[in-house]
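Engineer: This is protein19.csv (CSV, C-alpha atoms).
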```
chain,number,residue,atom,x,y,z
A,1,SER,CA,-22.5,-1.5,-21.9
A,2,GLN,CA,-20.6,-3.3,-19.2
A,3,LYS,CA,-16.8,-2.9,-19.3
A,4,ILE,CA,-13.8,-3.7,-17.3
A,5,GLU,CA,-10.6,-1.9,-18.2
A,6,GLN,CA,-7.0,-2.6,-17.1
A,7,ASN,CA,-4.0,-0.9,-18.5
A,8,SER,CA,-3.1,-2.9,-21.5
A,9,GLU,CA,0.4,-1.4,-21.7
A,10,ALA,CA,3.0,-3.3,-19.7
A,11,LEU,CA,4.1,-1.7,-16.4
A,12,ASN,CA,7.9,-1.6,-16.0
A,13,ILE,CA,9.3,-0.7,-12.6
A,14,GLN,CA,12.6,-1.1,-10.7
A,15,GLU,CA,13.1,-3.7,-8.0
A,16,GLY,CA,12.2,-2.4,-4.6
A,17,LYS,CA,9.6,0.1,-5.9
A,18,THR,CA,5.9,-0.1,-5.4
A,19,ALA,CA,3.9,-1.3,-8.4
A,20,THR,CA,0.3,0.0,-8.7
A,21,LEU,CA,-2.1,-1.6,-11.1
A,22,THR,CA,-5.5,-0.2,-11.9
A,23,CYS,CA,-8.9,-1.8,-12.7
A,24,ASN,CA,-11.8,0.4,-13.8
A,25,TYR,CA,-15.3,-0.8,-14.5
A,26,THR,CA,-18.5,0.7,-15.8
A,27,ASN,CA,-22.1,-0.4,-15.6
A,28,TYR,CA,-21.4,-3.1,-13.0
A,29,SER,CA,-22.5,-3.3,-9.4
A,30,PRO,CA,-20.0,-5.9,-8.2
A,31,ALA,CA,-20.5,-7.7,-4.9
A,32,TYR,CA,-16.8,-8.3,-4.8
A,33,LEU,CA,-13.7,-8.0,-6.9
A,34,GLN,CA,-10.7,-10.4,-7.1
A,35,TRP,CA,-7.2,-10.1,-8.3
A,36,TYR,CA,-5.4,-13.1,-10.0
A,37,ARG,CA,-1.8,-13.6,-11.1
A,38,GLN,CA,-1.1,-15.3,-14.4
A,39,ASP,CA,2.4,-16.5,-15.4
A,40,PRO,CA,3.2,-17.3,-19.1
A,41,GLY,CA,1.8,-20.7,-20.1
A,42,ARG,CA,-0.1,-21.2,-16.8
A,43,GLY,CA,-3.5,-20.7,-15.4
A,44,PRO,CA,-4.5,-17.7,-13.2
A,45,VAL,CA,-3.8,-18.0,-9.5
A,46,PHE,CA,-6.0,-16.3,-6.9
A,47,LEU,CA,-4.4,-13.5,-4.9
A,48,LEU,CA,-6.9,-11.3,-3.1
A,49,LEU,CA,-10.6,-10.7,-2.8
A,50,ILE,CA,-12.2,-7.4,-1.6
A,51,ARG,CA,-16.0,-7.0,-1.0
A,52,GLU,CA,-18.1,-4.0,-1.9
A,53,ASN,CA,-18.3,-2.8,1.7
A,54,GLU,CA,-14.5,-3.0,2.2
A,55,LYS,CA,-12.1,-0.2,1.4
A,56,GLU,CA,-8.8,-2.0,1.6
A,57,LYS,CA,-7.4,-5.5,2.0
A,58,ARG,CA,-3.8,-6.6,2.6
A,59,LYS,CA,-1.8,-9.8,2.3
A,60,GLU,CA,1.9,-9.7,2.9
A,61,ARG,CA,3.3,-7.2,0.3
A,62,LEU,CA,0.0,-7.0,-1.5
A,63,LYS,CA,-2.7,-4.3,-1.0
A,64,VAL,CA,-6.0,-3.9,-2.8
A,65,THR,CA,-8.3,-0.9,-2.6
A,66,PHE,CA,-11.9,-0.8,-3.8
A,67,ASP,CA,-13.7,2.5,-4.5
A,68,THR,CA,-17.3,1.8,-5.6
A,69,THR,CA,-17.9,5.5,-6.2
A,70,LEU,CA,-15.0,5.8,-8.6
A,71,LYS,CA,-15.7,2.3,-9.8
A,72,GLN,CA,-12.1,1.5,-9.4
A,73,SER,CA,-9.8,-1.0,-7.7
A,74,LEU,CA,-6.0,-0.4,-7.2
A,75,PHE,CA,-3.6,-3.3,-6.7
A,76,HIS,CA,-0.3,-2.5,-5.0
A,77,ILE,CA,2.8,-4.6,-4.7
A,78,THR,CA,5.3,-3.1,-2.3
A,79,ALA,CA,9.0,-3.8,-2.3
A,80,SER,CA,8.6,-5.4,-5.7
A,81,GLN,CA,10.9,-8.2,-6.8
A,82,PRO,CA,11.7,-9.7,-10.2
A,83,ALA,CA,9.7,-12.7,-9.2
A,84,ASP,CA,6.6,-10.5,-9.1
A,85,SER,CA,6.8,-10.1,-12.9
A,86,ALA,CA,3.6,-11.6,-14.3
A,87,THR,CA,0.2,-10.6,-15.7
A,88,TYR,CA,-2.3,-9.5,-13.1
A,89,LEU,CA,-6.0,-9.9,-13.8
A,90,CYS,CA,-8.9,-8.3,-12.0
A,91,ALA,CA,-12.3,-10.0,-12.0
A,92,LEU,CA,-15.7,-8.8,-10.9
A,93,TYR,CA,-18.5,-10.8,-9.4
A,94,GLY,CA,-22.0,-9.4,-9.0
A,95,SER,CA,-25.6,-10.4,-9.0
A,96,SER,CA,-26.1,-8.7,-12.3
A,97,ASN,CA,-23.5,-11.1,-13.7
A,98,THR,CA,-25.7,-14.0,-13.0
A,99,GLY,CA,-23.1,-15.5,-10.7
A,100,LYS,CA,-20.2,-15.5,-13.0
A,101,LEU,CA,-16.7,-13.9,-12.8
A,102,ILE,CA,-16.0,-11.3,-15.4
A,103,PHE,CA,-12.2,-10.7,-16.1
A,104,GLY,CA,-10.3,-7.8,-17.3
A,105,GLN,CA,-7.7,-8.3,-20.0
A,106,GLY,CA,-4.8,-8.0,-17.5
A,107,THR,CA,-1.8,-5.8,-17.0
A,108,THR,CA,1.7,-7.2,-17.5
A,109,LEU,CA,4.1,-6.2,-14.8
A,110,GLN,CA,7.9,-6.3,-15.4
A,111,VAL,CA,10.1,-5.8,-12.4
A,112,LYS,CA,13.7,-5.1,-13.3
A,113,PRO,CA,16.6,-5.9,-11.0
B,1,ASP,CA,-0.5,-33.1,-6.1
B,2,THR,CA,-2.2,-31.4,-9.0
B,3,ALA,CA,-5.4,-29.7,-7.9
B,4,VAL,CA,-7.0,-29.0,-11.3
B,5,SER,CA,-5.6,-31.0,-14.2
B,6,GLN,CA,-6.4,-30.8,-17.9
B,7,THR,CA,-5.5,-33.0,-20.8
B,8,PRO,CA,-4.2,-32.6,-23.3
B,9,LYS,CA,-1.9,-29.6,-22.7
B,10,TYR,CA,-1.5,-28.9,-26.5
B,11,LEU,CA,-3.9,-29.8,-29.3
B,12,VAL,CA,-3.2,-29.1,-32.9
B,13,THR,CA,-5.9,-30.2,-35.3
B,14,GLN,CA,-7.4,-29.5,-38.7
B,15,MET,CA,-10.5,-27.5,-39.3
B,16,GLY,CA,-13.7,-29.6,-39.3
B,17,ASN,CA,-12.4,-32.1,-36.8
B,18,ASP,CA,-14.0,-33.0,-33.5
B,19,LYS,CA,-11.9,-32.9,-30.3
B,20,SER,CA,-12.3,-33.2,-26.6
B,21,ILE,CA,-10.6,-31.7,-23.6
B,22,LYS,CA,-10.7,-33.3,-20.2
B,23,CYS,CA,-10.6,-31.7,-16.8
B,24,GLU,CA,-10.4,-33.2,-13.3
B,25,GLN,CA,-10.2,-31.6,-9.9
B,26,ASN,CA,-9.2,-33.3,-6.7
B,27,LEU,CA,-10.2,-30.4,-4.4
B,28,GLY,CA,-13.6,-31.8,-3.5
B,29,HIS,CA,-15.2,-28.7,-5.1
B,30,ASP,CA,-18.8,-28.9,-6.4
B,31,THR,CA,-18.6,-26.2,-9.1
B,32,MET,CA,-16.5,-26.4,-12.3
B,33,TYR,CA,-16.0,-24.0,-15.2
B,34,TRP,CA,-14.7,-23.7,-18.7
B,35,TYR,CA,-13.1,-20.5,-19.8
B,36,LYS,CA,-11.6,-19.4,-23.1
B,37,GLN,CA,-8.6,-17.1,-23.3
B,38,ASP,CA,-8.1,-15.5,-26.7
B,39,SER,CA,-4.9,-14.0,-28.2
B,40,LYS,CA,-5.7,-10.7,-26.5
B,41,LYS,CA,-5.6,-12.5,-23.2
B,42,PHE,CA,-9.3,-11.9,-22.4
B,43,LEU,CA,-10.5,-14.7,-20.2
B,44,LYS,CA,-14.2,-15.4,-20.8
B,45,ILE,CA,-16.5,-17.9,-19.1
B,46,MET,CA,-18.1,-20.4,-21.3
B,47,PHE,CA,-19.9,-22.9,-19.0
B,48,SER,CA,-20.3,-23.6,-15.3
B,49,TYR,CA,-21.6,-26.8,-13.7
B,50,ASN,CA,-22.6,-27.3,-10.1
B,51,ASN,CA,-22.9,-30.9,-9.0
B,52,LYS,CA,-23.2,-32.1,-12.6
B,53,GLU,CA,-25.9,-29.5,-13.3
B,54,LEU,CA,-25.4,-26.8,-15.9
B,55,ILE,CA,-25.8,-23.4,-14.3
B,56,ILE,CA,-24.0,-21.0,-16.6
B,57,ASN,CA,-24.2,-21.3,-20.4
B,58,GLU,CA,-22.8,-18.3,-22.2
B,59,THR,CA,-23.5,-17.5,-25.8
B,60,VAL,CA,-21.2,-20.2,-27.0
B,61,PRO,CA,-21.8,-21.9,-30.4
B,62,ASN,CA,-23.6,-25.2,-29.9
B,63,ARG,CA,-20.6,-26.9,-31.4
B,64,PHE,CA,-19.2,-26.7,-27.9
B,65,SER,CA,-20.8,-29.3,-25.5
B,66,PRO,CA,-19.7,-29.7,-21.9
B,67,LYS,CA,-20.2,-33.0,-20.1
B,68,SER,CA,-19.9,-33.6,-16.4
B,69,PRO,CA,-19.9,-37.3,-15.5
B,70,ASP,CA,-19.4,-36.5,-11.9
B,71,LYS,CA,-18.6,-33.4,-9.8
B,72,ALA,CA,-14.9,-34.0,-10.1
B,73,HIS,CA,-14.8,-34.0,-13.9
B,74,LEU,CA,-15.9,-31.6,-16.6
B,75,ASN,CA,-15.1,-32.3,-20.2
B,76,LEU,CA,-15.5,-30.1,-23.2
B,77,HIS,CA,-16.3,-31.5,-26.6
B,78,ILE,CA,-15.9,-29.4,-29.7
B,79,ASN,CA,-17.5,-30.4,-33.0
B,80,SER,CA,-16.5,-29.1,-36.5
B,81,LEU,CA,-13.6,-27.1,-35.3
B,82,GLU,CA,-13.1,-23.6,-36.8
B,83,LEU,CA,-10.0,-21.4,-37.1
B,84,GLY,CA,-11.6,-19.0,-34.6
B,85,ASP,CA,-11.6,-21.7,-32.0
B,86,SER,CA,-7.9,-21.4,-31.6
B,87,ALA,CA,-7.3,-20.2,-28.1
B,88,VAL,CA,-6.2,-21.4,-24.6
B,89,TYR,CA,-9.0,-23.2,-22.8
B,90,PHE,CA,-8.9,-23.2,-19.0
B,91,CYS,CA,-10.8,-25.4,-16.6
B,92,ALA,CA,-11.5,-24.1,-13.1
B,93,SER,CA,-13.2,-25.2,-9.9
B,94,SER,CA,-14.6,-23.7,-6.8
B,95,GLN,CA,-16.8,-24.5,-3.8
B,96,ARG,CA,-20.3,-23.3,-4.3
B,97,ASN,CA,-20.8,-20.1,-2.3
B,98,GLN,CA,-17.1,-19.6,-2.0
B,99,GLU,CA,-15.5,-17.2,-4.3
B,100,THR,CA,-12.0,-18.3,-5.1
B,101,GLN,CA,-11.6,-20.2,-8.3
B,102,TYR,CA,-8.7,-22.6,-8.9
B,103,PHE,CA,-7.5,-22.9,-12.5
B,104,GLY,CA,-6.0,-25.7,-14.4
B,105,PRO,CA,-2.8,-25.2,-16.5
B,106,GLY,CA,-4.8,-24.7,-19.8
B,107,THR,CA,-5.1,-26.5,-23.1
B,108,ARG,CA,-3.6,-24.7,-26.0
B,109,LEU,CA,-5.8,-25.4,-29.1
B,110,LEU,CA,-4.5,-24.6,-32.5
B,111,VAL,CA,-6.9,-25.2,-35.5
B,112,LEU,CA,-5.2,-25.2,-38.9
```
How would this structure read if it were set down as structure tokens?
Structural biologist:
Amino acid sequence: SQKIEQNSEALNIQEGKTATLTCNYTNYSPAYLQWYRQDPGRGPVFLLLIRENEKEKRKERLKVTFDTTLKQSLFHITASQPADSATYLCALYGSSNTGKLIFGQGTTLQVKP
Amino acid sequence: DTAVSQTPKYLVTQMGNDKSIKCEQNLGHDTMYWYKQDSKKFLKIMFSYNNKELIINETVPNRFSPKSPDKAHLNLHINSLELGDSAVYFCASSQRNQETQYFGPGTRLLVL
């Protein structure tokens, strides 16, 4: 069956370090993958999109990689700040999904000063 | 300016009641969505409309009925509310053939 897995345990890191979040999937052939940020009591906010033929995408302190062989995406936040503390969701989109986004359950990141 | 807005923000109601949630977007998008986020934080799509036409209809009980009076509005009506309907409901919008979705602030529904 199709599955998207993100680490359900919270990730706690020290300010200034690099945070790395993982998104693994099975039985999907995504055309692209997205990362969203969700703060408590708010809706998800789009951060980055990476397509199946792209290996890496960057935006300021954010970097996403996409390995379709491993069926995995890594999301990195460099020089992390307490303001980066939030839940990060990965979402897959593919033709087999009939055009809909499928979300993982998210990983909560806590950056300590 | 609020891009995607939902009302109400909180909804507490008794089992068996009927309720509606409203969504409006001022981004000029032609596709709108309803998602449900349960207590385990899974965000699952329920419906999608493109230019007032239903294009995604997940296996949602038929007690849930979306209505799109125009492409800027997508409302969700829920009949005979059950305890398991308690969740946060998010509306989102996007431009067709563009991938980024913009989410509203959510409606927190609690069925007692």
Engineer: Have a look at B:Gln14, B:Ser20, B:Tyr35, B:Gly84 and name the one nearest to B:Pro105; count only C-alpha atoms.
Structural biologist: B:Tyr35
Engineer: Define the interface residues of chain B facing chain A as those within 7 Å, counting only C-alpha atoms, and report them as a PyMOL selection string.
Structural biologist: chain B and resi 41-44+90+100-106
Engineer: Report the distance between atom CA of B:Val111 and atom CA of B:Asn17 in Å, rounded to one decimal place.
Structural biologist: 8.9 Å
Engineer: To one decimal in Å, tell me the separation between atom CA of B:Ala87 and atom CA of A:Gln6.
Structural biologist: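 Those two atoms sit 20.8 Å apart.
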Engineer: So that I can check the surroundings of A:Leu70, please list as a list of chain:residue names every protein, DNA and RNA residue that reaches within 10 Å of it, counting all atoms listed in the file and ignoring chain neighbours fewer than 5 positions away.
Structural biologist: A:Asn24, A:Tyr25, A:Thr26
Engineer: Any idea what's packed within 7 Å of B:Asn51, counting only C-alpha atoms, ignoring anything in its chain fewer than 4 positions away? Could you give it as a list in words?
Structural biologist: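 Non-adjacent residues within range: Asp30, Thr31 and Lys71 of chain B.
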Engineer: May I have the protein, DNA and RNA residues with an atom at most 8 Å from (-18.1, -32.1, -35.9), counting all atoms listed in the file in the file's coordinates, returned as number ranges by chain?
Structural biologist: B: 16-18, 63, 78-81
Engineer: Tell me which protein, DNA and RNA residues are within 10 Å of B:Leu54, counting only C-alpha atoms, leaving out same-chain ones fewer than 4 positions away, and put them as a ChimeraX atom specification.
Structural biologist: /B:31-33,47-50,66-68
Engineer: As an exercise, work out the distance from atom CA of A:Leu62 to atom CA of B:Gln95 in Å and give it to one decimal place.
Structural biologist: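 These atoms are spaced 24.4 Å apart.
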Engineer: Every residue with an atom at most 12 Å from (-12.8, 4.4, -5.2) (file coordinates; all atoms listed in the file) is what I'm after, so could you write them as a ChimeraX atom specification?
Structural biologist: /A:22-25,52-56,64-74
Engineer: Skip A:Glu15 itself and residues of its chain fewer than 3 positions away, then list as an NGL selection string all residues within 7 Å of it, counting only C-alpha atoms.
Structural biologist: :A and (80-82 or 111-113)
